[in-house]
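Student: If it helps, the file is called run.cif and holds mmCIF, C-alpha atoms:
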data_final
loop_
_atom_site.label_atom_id
_atom_site.label_comp_id
_atom_site.auth_asym_id
_atom_site.auth_seq_id
_atom_site.Cartn_x
_atom_site.Cartn_y
_atom_site.Cartn_z
CA MET T 114 0.00 0.00 0.00
CA ASP T 115 1.46 3.38 -0.94
CA SER T 116 1.82 6.22 1.54
CA LYS T 117 -1.27 8.13 0.35
CA ALA T 118 -3.45 5.05 0.63
CA SER T 119 -2.01 4.40 4.08
CA ILE T 120 -2.82 7.95 5.23
CA ILE T 121 -6.34 7.68 3.81
CA TRP T 122 -6.80 4.29 5.49
CA ASP T 123 -5.70 5.62 8.89
CA LEU T 124 -7.99 8.66 8.66
CA ALA T 125 -10.94 6.63 7.37
CA GLU T 126 -10.45 3.93 10.00
CA ALA T 127 -10.66 6.42 12.87
CA ILE T 128 -13.80 8.05 11.44
CA ALA T 129 -15.45 4.70 10.65
CA ALA T 130 -14.70 3.31 14.13
CA ASP T 131 -16.57 6.23 15.71
CA LEU T 132 -19.61 5.18 13.66
CA GLU T 133 -19.14 1.46 14.51
CA LEU T 134 -17.98 0.75 10.96
CA GLU T 135 -14.86 -0.85 9.56
CA VAL T 136 -12.70 0.01 6.56
CA LEU T 137 -12.37 -3.00 4.25
CA GLU T 138 -10.32 -1.46 1.47
CA VAL T 139 -8.83 1.81 0.25
CA GLU T 140 -7.96 2.32 -3.42
CA VAL T 141 -6.17 5.27 -5.00
CA SER T 142 -6.28 5.43 -8.79
CA GLY T 143 -5.56 7.91 -11.52
CA GLY T 144 -3.50 11.05 -11.31
CA SER T 145 -4.27 14.68 -10.71
CA PRO T 146 -6.74 16.11 -11.69
CA LYS T 147 -8.61 12.81 -12.16
CA ARG T 148 -7.46 11.07 -8.99
CA VAL T 149 -10.10 8.81 -7.42
CA LEU T 150 -9.99 7.80 -3.75
CA ARG T 151 -12.26 4.84 -2.95
CA VAL T 152 -13.06 3.65 0.54
CA TYR T 153 -15.10 0.50 1.12
CA LEU T 154 -16.89 0.14 4.46
CA ASP T 155 -18.52 -2.68 6.36
CA THR T 156 -20.17 -2.92 9.72
CA ALA T 157 -17.93 -3.93 12.60
CA THR T 158 -19.75 -7.28 12.70
CA GLY T 159 -19.26 -7.87 8.98
CA ASP T 160 -22.97 -8.33 8.25
CA GLY T 161 -22.85 -5.95 5.29
CA SER T 162 -25.60 -3.58 6.42
CA VAL T 163 -23.80 -0.31 5.60
CA THR T 164 -26.34 2.38 4.77
CA VAL T 165 -26.19 5.34 2.40
CA ALA T 166 -26.30 7.57 5.50
CA ASP T 167 -23.23 5.74 6.88
CA CYS T 168 -21.32 6.33 3.64
CA GLU T 169 -22.40 9.95 3.54
CA ALA T 170 -21.26 10.57 7.13
CA VAL T 171 -17.85 8.99 6.54
CA SER T 172 -17.47 10.80 3.20
CA ARG T 173 -18.21 14.20 4.72
CA GLN T 174 -15.83 13.75 7.67
CA LEU T 175 -13.11 12.07 5.62
CA GLY T 176 -13.25 14.76 2.92
CA ASP T 177 -12.67 17.44 5.57
CA ALA T 178 -9.81 15.45 7.12
CA LEU T 179 -8.17 14.84 3.72
CA ASP T 180 -8.40 18.50 2.76
CA ALA T 181 -6.44 19.34 5.92
CA ARG T 182 -3.61 16.91 5.06
CA GLU T 183 -0.71 18.26 3.04
CA GLU T 184 0.07 14.82 1.54
CA VAL T 185 -3.37 14.41 -0.02
CA ARG T 186 -4.24 17.94 -1.11
CA GLY T 187 -5.19 18.62 -4.69
CA HIS T 188 -8.00 17.55 -6.94
CA TYR T 189 -9.60 14.21 -6.21
CA MET T 190 -12.96 12.49 -6.22
CA LEU T 191 -13.80 10.67 -3.00
CA GLU T 192 -16.06 7.61 -3.22
CA VAL T 193 -17.25 5.91 -0.05
CA SER T 194 -19.43 2.81 -0.39
CA SER T 195 -20.26 -0.65 0.85
CA PRO T 196 -18.18 -3.38 -0.79
CA GLY T 197 -21.00 -5.26 -2.53
CA LEU T 198 -21.41 -9.02 -2.64
CA ASN T 199 -17.87 -9.90 -3.67
CA ARG T 200 -16.32 -7.95 -0.82
CA PRO T 201 -12.57 -7.50 -0.55
CA LEU T 202 -10.63 -9.49 2.03
CA ARG T 203 -7.48 -7.82 3.40
CA ARG T 204 -7.01 -8.66 7.03
CA VAL T 205 -7.03 -11.98 8.81
CA GLU T 206 -10.36 -11.13 10.50
CA HIS T 207 -11.94 -10.55 7.06
CA PHE T 208 -10.90 -14.06 6.02
CA ARG T 209 -12.15 -15.56 9.29
CA ARG T 210 -15.62 -14.10 8.69
CA VAL T 211 -15.94 -15.95 5.37
CA LEU T 212 -14.37 -19.27 6.40
CA GLY T 213 -16.06 -22.08 4.44
CA ASN T 214 -17.07 -19.78 1.56
CA ARG T 215 -15.64 -19.43 -1.94
CA VAL T 216 -12.88 -16.87 -2.41
CA ARG T 217 -10.87 -15.52 -5.33
CA LEU T 218 -7.19 -14.75 -4.70
CA ARG T 219 -4.61 -12.99 -6.83
CA LEU T 220 -1.05 -13.45 -5.69
CA ALA T 221 1.71 -10.87 -5.99
CA HIS T 222 4.00 -13.52 -7.56
CA ALA T 223 3.25 -16.77 -9.34
CA ILE T 224 3.15 -19.95 -7.26
CA HIS T 225 2.66 -23.32 -8.95
CA GLY T 226 2.94 -21.41 -12.25
CA ARG T 227 -0.06 -19.16 -11.64
CA ARG T 228 -1.25 -16.11 -9.75
CA ASP T 229 -5.05 -16.56 -9.66
CA PHE T 230 -6.80 -19.10 -7.45
CA VAL T 231 -10.49 -19.73 -6.72
CA GLY T 232 -11.84 -22.16 -4.18
CA ARG T 233 -13.37 -22.79 -0.79
CA LEU T 234 -11.60 -21.10 2.12
CA GLU T 235 -10.75 -24.08 4.31
CA ALA T 236 -8.52 -22.62 7.04
CA VAL T 237 -7.29 -19.30 8.37
CA GLU T 238 -4.17 -19.02 10.49
CA ASP T 239 -2.58 -15.88 11.91
CA GLU T 240 -0.75 -15.03 8.68
CA ALA T 241 -1.89 -17.69 6.20
CA VAL T 242 -4.96 -19.15 4.52
CA ALA T 243 -5.75 -22.51 2.92
CA VAL T 244 -7.99 -22.79 -0.14
CA VAL T 245 -9.39 -25.96 -1.72
CA SER T 246 -10.04 -25.67 -5.47
CA ASP T 247 -12.97 -27.20 -7.36
CA SER T 248 -10.63 -30.04 -8.36
CA ASP T 249 -9.90 -30.71 -4.64
CA GLU T 250 -6.36 -29.33 -4.75
CA ARG T 251 -5.34 -27.68 -1.47
CA PHE T 252 -3.22 -24.54 -1.57
CA CYS T 253 -1.77 -22.57 1.34
CA PHE T 254 -0.82 -18.92 1.00
CA GLU T 255 0.81 -16.39 3.27
CA LEU T 256 -1.33 -13.25 3.61
CA ALA T 257 1.72 -11.18 2.67
CA ASP T 258 1.80 -12.98 -0.73
CA ILE T 259 -1.83 -12.13 -1.57
CA GLU T 260 -2.16 -9.05 -3.78
CA ARG T 261 -5.97 -9.08 -3.83
CA ALA T 262 -8.66 -11.31 -2.37
CA ASN T 263 -12.44 -11.27 -2.63
CA LEU T 264 -15.37 -13.30 -1.42
CA GLU T 265 -17.05 -15.08 -4.33
CA TYR T 266 -20.72 -14.78 -3.46
CA GLU T 267 -22.77 -17.85 -4.33
CA PHE T 268 -26.31 -17.12 -5.40
CA GLU T 269 -29.10 -19.44 -4.30
CA GLU T 270 -30.90 -21.37 -6.95
CA ASN T 271 -34.03 -23.37 -6.03
CA GLY T 272 -33.21 -23.04 -2.34
CA GLN T 273 -29.63 -24.27 -2.77
CA ARG T 274 -26.40 -22.33 -3.09
CA ARG T 275 -25.08 -22.38 -6.62
CA ARG T 276 -21.36 -22.57 -7.27
CA LYS T 277 -20.14 -19.47 -9.08
CA ARG T 278 -17.74 -20.20 -11.91
#
Starting from the coordinates I provided, produce the structure as structure tokens.

Tutor:
Amino acid sequence: MDSKASIIWDLAEAIAADLELEVLEVEVSGGSPKRVLRVYLDTATGDGSVTVADCEAVSRQLGDALDAREEVRGHYMLEVSSPGLNRPLRRVEHFRRVLGNRVRLRLAHAIHGRRDFVGRLEAVEDEAVAVVSDSDERFCFELADIERANLEYEFEENGQRRRKR
């Protein structure tokens, strides 16, 4: 995470905590004057019930805090939202909440000749996760090696969860 994203994360985290929310992800993209700062929120319990009012409150307070920081000044568009169904997973507690569910991982460097893995999250350790693929292969990854991870939401079909491919 670059220094601007880290500053934004720290500011957003303090504001979100006061509202009993949690920061799931911070993204910084584009350059001035088209820089976009995205902050994804969740409830502290991880139940996904972030409201528009929650996003608005965080956006207002975070915008003021960012404008006061020398490192972030300039033109930017701030977007604060809930993460949606395929929520990002960054911290060990995010992975623990979705244990047993399907996840999609992108590694920083290729392992076993590939960087992308999809499967059922089987185990979560302090700094590692284990994923079982659809072909029953088990892979273990250090959290530090994961570039990006998301929950793969499985929609219900006829009362049963359907595997997303």

Student: Contacts of T:Gly176 at 10 Å or less, counting only C-alpha atoms, minus same-chain residues fewer than 3 places along, as a list in words?

Tutor: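 My reading of the contact set: Ile121, Leu124, Ala125, Ala170, Val171, Ser172, Arg173, Leu179, Asp180, Ala181, Tyr189, Met190, Leu191 and Glu192 of chain T.
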
Student: Hey, can you check how far atom CA of T:Asn199 sits from atom CA of T:Trp122?

Tutor: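 These two atoms are separated by 20.2 Å.
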
Student: Please provide the set of residues having any atom within 10 Å of stretch 204-211 of chain T, restricted to all atoms listed in the file, with same-chain residues fewer than 2 positions apart removed, written as a list in words.

Tutor: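 That gives Leu137, Glu138, Thr158, Gly159, Asp160, Arg200, Pro201, Leu202, Gly213, Asn214, Arg215, Val216, Arg233, Leu234, Glu235, Ala236, Val237, Glu238, Asp239, Glu240, Ala241, Val242, Leu256, Ala262, Asn263, Leu264 and Glu265 of chain T.
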
Student: Using only C-alpha atoms, which of T:Ala178, T:Val185, T:Leu150, T:Val193 sits nearest T:Val136?

Tutor: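 Nearest candidate to T:Val136 out of T:Ala178, T:Val185, T:Leu150, T:Val193: T:Val193.
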
Student: Given the choices T:Thr156, T:Ser145, T:Ser195, T:Ser248, which gets closest to T:Glu169 if the distance is worked out from all atoms listed in the file?

Tutor: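 Distance minimum relative to T:Glu169 lands on T:Ser195.
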
Student: So the first atom is atom CA of T:Tyr153 and the second is atom CA of T:Cys253; what is the distance between them in Å, to one decimal place?

Tutor: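 Answer for the atom CA of T:Tyr153 to atom CA of T:Cys253 separation: 26.6 Å.
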
Student: Using only C-alpha atoms, which residues sit within 7 Å of T:Ala118 once same-chain residues fewer than 6 positions away are excluded, as number ranges by chain?

Tutor: T: 139-141

Student: Go through T:Val231, T:Leu175, T:Ala157, T:Ala223 and flag the residue nearest T:Asp123, using only C-alpha atoms for the distances.

Tutor: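 Nearest candidate to T:Asp123 out of T:Val231, T:Leu175, T:Ala157, T:Ala223: T:Leu175.
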
Student: Restricting the calculation to all atoms listed in the file, which member of T:Ile128, T:Phe252, T:Val165, T:Asp247 is positioned closest to T:His225?

Tutor: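 Selected residue with least distance to T:His225: T:Phe252.
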